[in-house]
Structures are given as C-alpha cells and as structure tokens.
There are 2 protein chains.
Amino acid sequence: MTPHKHVIGIVGGMGPQAGNALFDRITALTHASKDQDHHSVILMSLPSKIVDRTAFLTGSIDENPGYAIADIICKLEGCGATVVGIACNTSHSSAIFNVIMSCLEKRGSKVKLLSMPEETCRLIAENYPRVRRVALMTTNGTYRTQLYEQMVNAGGMEAIVPDVEFQNDVIHRMIYDPKFGIKANPAAITDQARNLLRQAITFFKKQNADAIILGCTELSLMISQETIGEMVVVDSTIALAKGLIREAVVTKRSPVQPTAISLNA
Amino acid sequence: MTPHKHVIGIVGGMGPQAGNALFDRITALTHASKDQDHHSVILMSLPSKIVDRTAFLTGSIDENPGYAIADIICKLEGCGATVVGIACNTSHSSAIFNVIMSCLEKRGSKVKLLSMPEETCRLIAENYPRVRRVALMTTNGTYRTQLYEQMVNAGGMEAIVPDVEFQNDVIHRMIYDPKFGIKANPAAITDQARNLLRQAITFFKKQNADAIILGCTELSLMISQETIGEMVVVDSTIALAKGLIREAVVTKRSPVQPTAISLNA
C-alpha cells in the first residue's frame, strides 16, 4: 500500500501554464513506478478571479489580488489540501502576501502555505553554498517591492538587479508584452522574447553573477537548463515543487507556522 | 471584461501527467493575451484513491475505480465545476463508466460529463471525413472492452486492432512496463518504450491505416506530431480538451444529457 500522504494544493492561474508547470515538476520529482505512488494534488486555476499582481503593485489598479488568492486557498483547504503553494512569485510581495496571510488567519485556516522565494533561497543555500552574486529576473511588481533582493541579501548573498529601464524594457517586457511576451505565447516562445532573454543573460554575465534566479514562474516555461555558461540557474518553480513534496511526506509536524512574512513586513 | 465562462473540472491522477497534459492542451488551445482570458479549470489528481483501471477490467482486482472517480467528480462539482472530463480512456469502458454515471445520477449531479472516446470520434468526423481505417492504440483494459472498436465501427469506419499477444507485448507494455513503460518514466520516455512504439507504427502502416487513435492518455506524452507518415494522429487528450473548451463557452444549454453510455451499454 502507498503510505498516507498530505494533499498538496496549488493556486494556479497566474498564468495557467505556471500552475501547470508547478504540478508537472511535482510529478517529475516524485519517484513512482505506478500512478498510485504519486502525490495527491489539487490545482485550482481560476485566472479571471485574480487581477494582475504587477498592475496592483505598480498602482495601476486598486484591487488587491491577495483576497481572491486567499479565497482559493480556503477552497483548496475545503477539498482537503494541507500544504499549499502559490504558483506566482509576484504574489509573494508583502503588499499581497500579508493580505493573504491575514485572511487565512481570520478564517482560522490550518493550511501550511509555503513561500516561493523562501524555498528558492533555501534551495540555493542547501545546494549551492558557494554562490555569492545572485542575478534576479522578475516582473516589475516583484522588482519594485524588492522581494527577492531583501531575501537574497538577508541570506548573506548579493542581489544583482538591473536599473529600472533595463528591468522594464527587457525583463518585464519579455514576460508581459501583449504581442510577443511569454504570457501571451506560453506554448510557443517567440523570437522577440528569446532576444530579450539573451540581452538579460549578457547583462548578468557582465555583472559576474554566480547564479540567476528565475523569479517569475513564466520564466520556467522558457528556460529549462540547469546552468547558463558559468551561472547556476535557480528555478523558483522547481524550488517550490521540492518544498511541497518535502512537506507532503512529513507525517507529523509542529503547529502551522506561516513563513516568509517576517522578511517582507 | 472577460465574459463569464463555465468552470472546467478535470479528474486526473490516471496518471498524474495525463491530467496535467489535458490541462495543458486546454490552455494551449485557448486564445489569450493575458492570464484573465483563460478558462477556469480545477484539476483533481488523487491517484492513490483510484485503483488501476486495467487491473479491474482484466479481473486482477475487484474494486471498481468508477466509485472513486464519481466521488472526485462530485467534489469538483462542489467547487463549482459545471463541465468535467476524465483524463483516462480506460475509465470510459462501460464497466467503469456506467458506474460513474449511475453514481452521479443517484447523487443528483448536474455536471456535464464529457466522453473522451466520443470526443475523439467526433474530432475525426469533423476534421478528417475521409478517414476509413482507424488504428487503435490503447491499454489492455480498453482493448478488452472494445470501447473504441465499437465506437469507431458505429461511426462507419473500420477499427484496426492487433491480436492479443501483440496488444499485450507491444502496446500495453509500452505504457505499463514497471521499468521502462511511460507510466514509470513519463518525464523521460525510455528507448525501450520508443522501440515498442516503432513496432506498433510499423504494424499499423502495414495494415494501411488512415489514422491512428492515441486511445490512452499516456501516449499523448510520447507522440506530439499530427501525422506519422500518411497516418493522421488523433490524440484523445486534444479531442477532450477541445470538447471541454466548446462546452465551457456555451452560455445556455439544454438540460444535462449524459453522453457515451448508449454505445457501451
């Protein structure tokens, strides 16, 4: 018999492919010889319910997507999920993530919500202890809130970020351009997006980065190699998948302890 | 504003990659320039709750997986799903599918459950009206129940199936071998599985098939081309994804009408 495992919940839809990719990584990272060996996973991808995270963080819209995300987490918990991951880095910015945590607390949620950036930094610390200079590729929303920057620096490493113009015109655009961006063409990455990626890689190489964090889930759809030149590629989707698997096989645990909030508060 | 759409439910876990692949096809087949344009999808992948379908159909176990599948459909409906697909062909065999439909009826379910083989035959009829000789690649469970054979023949086409030995030693083994089969290695298809696929293709070519139905969802993980030589590849996962999208954008519909049962009863 397969031992009892926790049910993993995934908040997807930001975009749908990112949630799908997280699920895919969980499956790929699980040792199984038959269907029944795999983890129980519930993925809720309700994209029309969640407004754009970067649009909120940059002040274009007032609605905080954290409320809808908390609703979905409670729905996942209602279906039996005990450990949950949100397949979107930008949602982990404090202005959104604090609202999520506060909603969950108010509703008496017992779910263990992992933090994608925390899991990403943990993956570096556990696997690449020599990494010092860490390049960050994120959306403008994550960039502006310095989510990864603070966490990387707090971990004793040095965050490398471009200036605002390069961030917007190259990195954010590669993800968000309505015509050629990854979100608009996730199944067939465009040449324009690839060109912007090359520009970003060249920039970070010149900055002597040891590692490059794919700090937006859409980037996982575009980059699958483990290294680019001398730089280690650290995929936040893989990091969260590993965290969810770790938590799903824990049979006894201490009371629920929300993570990640302290660094962003 | 994005127009209201139905919530699509997916019963996954048979195996997990097949459910994920169905979700992936829905996303890829949806025209969207931003996250919010995509369909609402809930995927429940609870593999340890659903016993092996072929093991039941071939008499190795007594437990009918249809009960667990019906439970999951009701759970999906409880979360708001209005149209549901099961990402597993073998589950559509009458001995399982009739139990599912009967459980749903008893519980007063209002969900529209699509039939994967019906959608597959519909896709052929709508897109390839000249196809006459249709090769079937399925598990032993589906093979034994003649699920696709009956449906293909009823549609005025001719089903081409191998003898029992070839079916078991080549096609079923490619999917189920505990060491090198697709279910055991979905993320990195083995050379042995590819060799068996080549044998199957050669066999069906010799039989002058016009089309080849990927009648097991695991096969969608291995074959992505639209044609093999002169044969049209008809992927049951894509067919079901198209059906779910079609139903999800319908705003008004007649009362729930269970499908597929008549042909298998």
# chains A, B, ... in the order shown; residues from 1 in each chain; ligands from 1
$ residues_around --residues "range 31-36 of chain B" --least-positions-apart "3" --cutoff "10 Å" --atoms "only C-alpha atoms" --output "JSON, numbers by chain"
{"A": [13, 14, 15, 16, 17, 46, 47, 48, 49, 50, 51, 52, 176, 177, 178, 179, 180, 181, 182, 183, 184, 185, 186], "B": [1, 2, 27, 28, 39, 40]}
$ select_by_dssp --residues "range 107-234 of chain B" --states "strand (DSSP E)" --output "mmCIF file with C-alpha atoms, in the first residue's frame"
data_model
loop_
_atom_site.group_PDB
_atom_site.id
_atom_site.type_symbol
_atom_site.label_atom_id
_atom_site.label_comp_id
_atom_site.auth_asym_id
_atom_site.auth_seq_id
_atom_site.Cartn_x
_atom_site.Cartn_y
_atom_site.Cartn_z
ATOM 1 C CA LYS B 112 -21.946 17.711 -17.797
ATOM 2 C CA LEU B 113 -19.535 14.798 -18.069
ATOM 3 C CA ARG B 133 -9.294 2.625 -41.465
ATOM 4 C CA VAL B 134 -8.575 3.654 -37.881
ATOM 5 C CA ALA B 135 -5.775 2.053 -35.868
ATOM 6 C CA LEU B 136 -6.287 1.820 -32.105
ATOM 7 C CA MET B 137 -3.515 2.130 -29.533
ATOM 8 C CA GLU B 158 -13.163 0.331 -39.652
ATOM 9 C CA ALA B 159 -11.206 -0.265 -36.431
ATOM 10 C CA ILE B 160 -7.796 -1.900 -36.788
ATOM 11 C CA ALA B 211 -5.495 7.333 -38.892
ATOM 12 C CA ILE B 212 -4.162 6.216 -35.541
ATOM 13 C CA ILE B 213 -6.022 6.973 -32.322
ATOM 14 C CA LEU B 214 -3.890 7.602 -29.248
ATOM 15 C CA THR B 227 0.834 12.793 -38.735
ATOM 16 C CA ILE B 228 3.050 9.715 -38.835
ATOM 17 C CA MET B 231 -1.456 8.339 -40.995
ATOM 18 C CA VAL B 232 -3.300 11.135 -39.191
ATOM 19 C CA VAL B 233 -2.583 11.059 -35.455
ATOM 20 C CA VAL B 234 -5.755 11.570 -33.411
#
$ residues_around --residues "Ile171 in chain B" --least-positions-apart "4" --cutoff "12 Å" --atoms "only C-alpha atoms" --output "number ranges by chain"
B: 135-143, 161-167, 175-177, 181-182, 192-201, 203-204, 214-216, 218-219
$ residues_around --residues "Ile72 in chain B" --least-positions-apart "4" --cutoff "8 Å" --atoms "only C-alpha atoms" --output "VMD selection string"
chain B and resid 11 44 68 76
$ select_by_dssp --residues "range 201-230 of chain A" --states "alpha helix (DSSP H)" --output "ChimeraX atom specification"
/A:201-206
$ closest_residue --among "A:Val131, A:Ala188, A:Val84, A:Ile124" --to "chain B" --atoms "only C-alpha atoms"
A:Ala188
$ closest_atom_pairs --of "range 60-83 of chain B" --to "range 89-92 of chain B" --cutoff "12 Å" --atoms "only C-alpha atoms" --output "Markdown table"
| residue | atom | partner | partner_atom | distance |
| --- | --- | --- | --- | --- |
| B:Asn64 | CA | B:Ser91 | CA | 9.9 |
| B:Pro65 | CA | B:Ser91 | CA | 7.9 |
| B:Gly66 | CA | B:Ser91 | CA | 7.3 |
| B:Tyr67 | CA | B:Ser91 | CA | 11.0 |
| B:Ala68 | CA | B:Ser91 | CA | 11.1 |
| B:Ile69 | CA | B:Ser91 | CA | 8.7 |
| B:Ala70 | CA | B:Ser91 | CA | 11.0 |
$ closest_residue --among "B:Asp24, B:Glu126, B:Glu118, B:Glu63" --to "chain A" --atoms "only C-alpha atoms"
B:Asp24
$ atom_distance --atom1 "CA of Thr190 in chain B" --atom2 "CA of Asp235 in chain B"
20.4 Å
$ atom_distance --atom1 "CA of Ser224 in chain B" --atom2 "CA of Ala239 in chain A"
28.3 Å
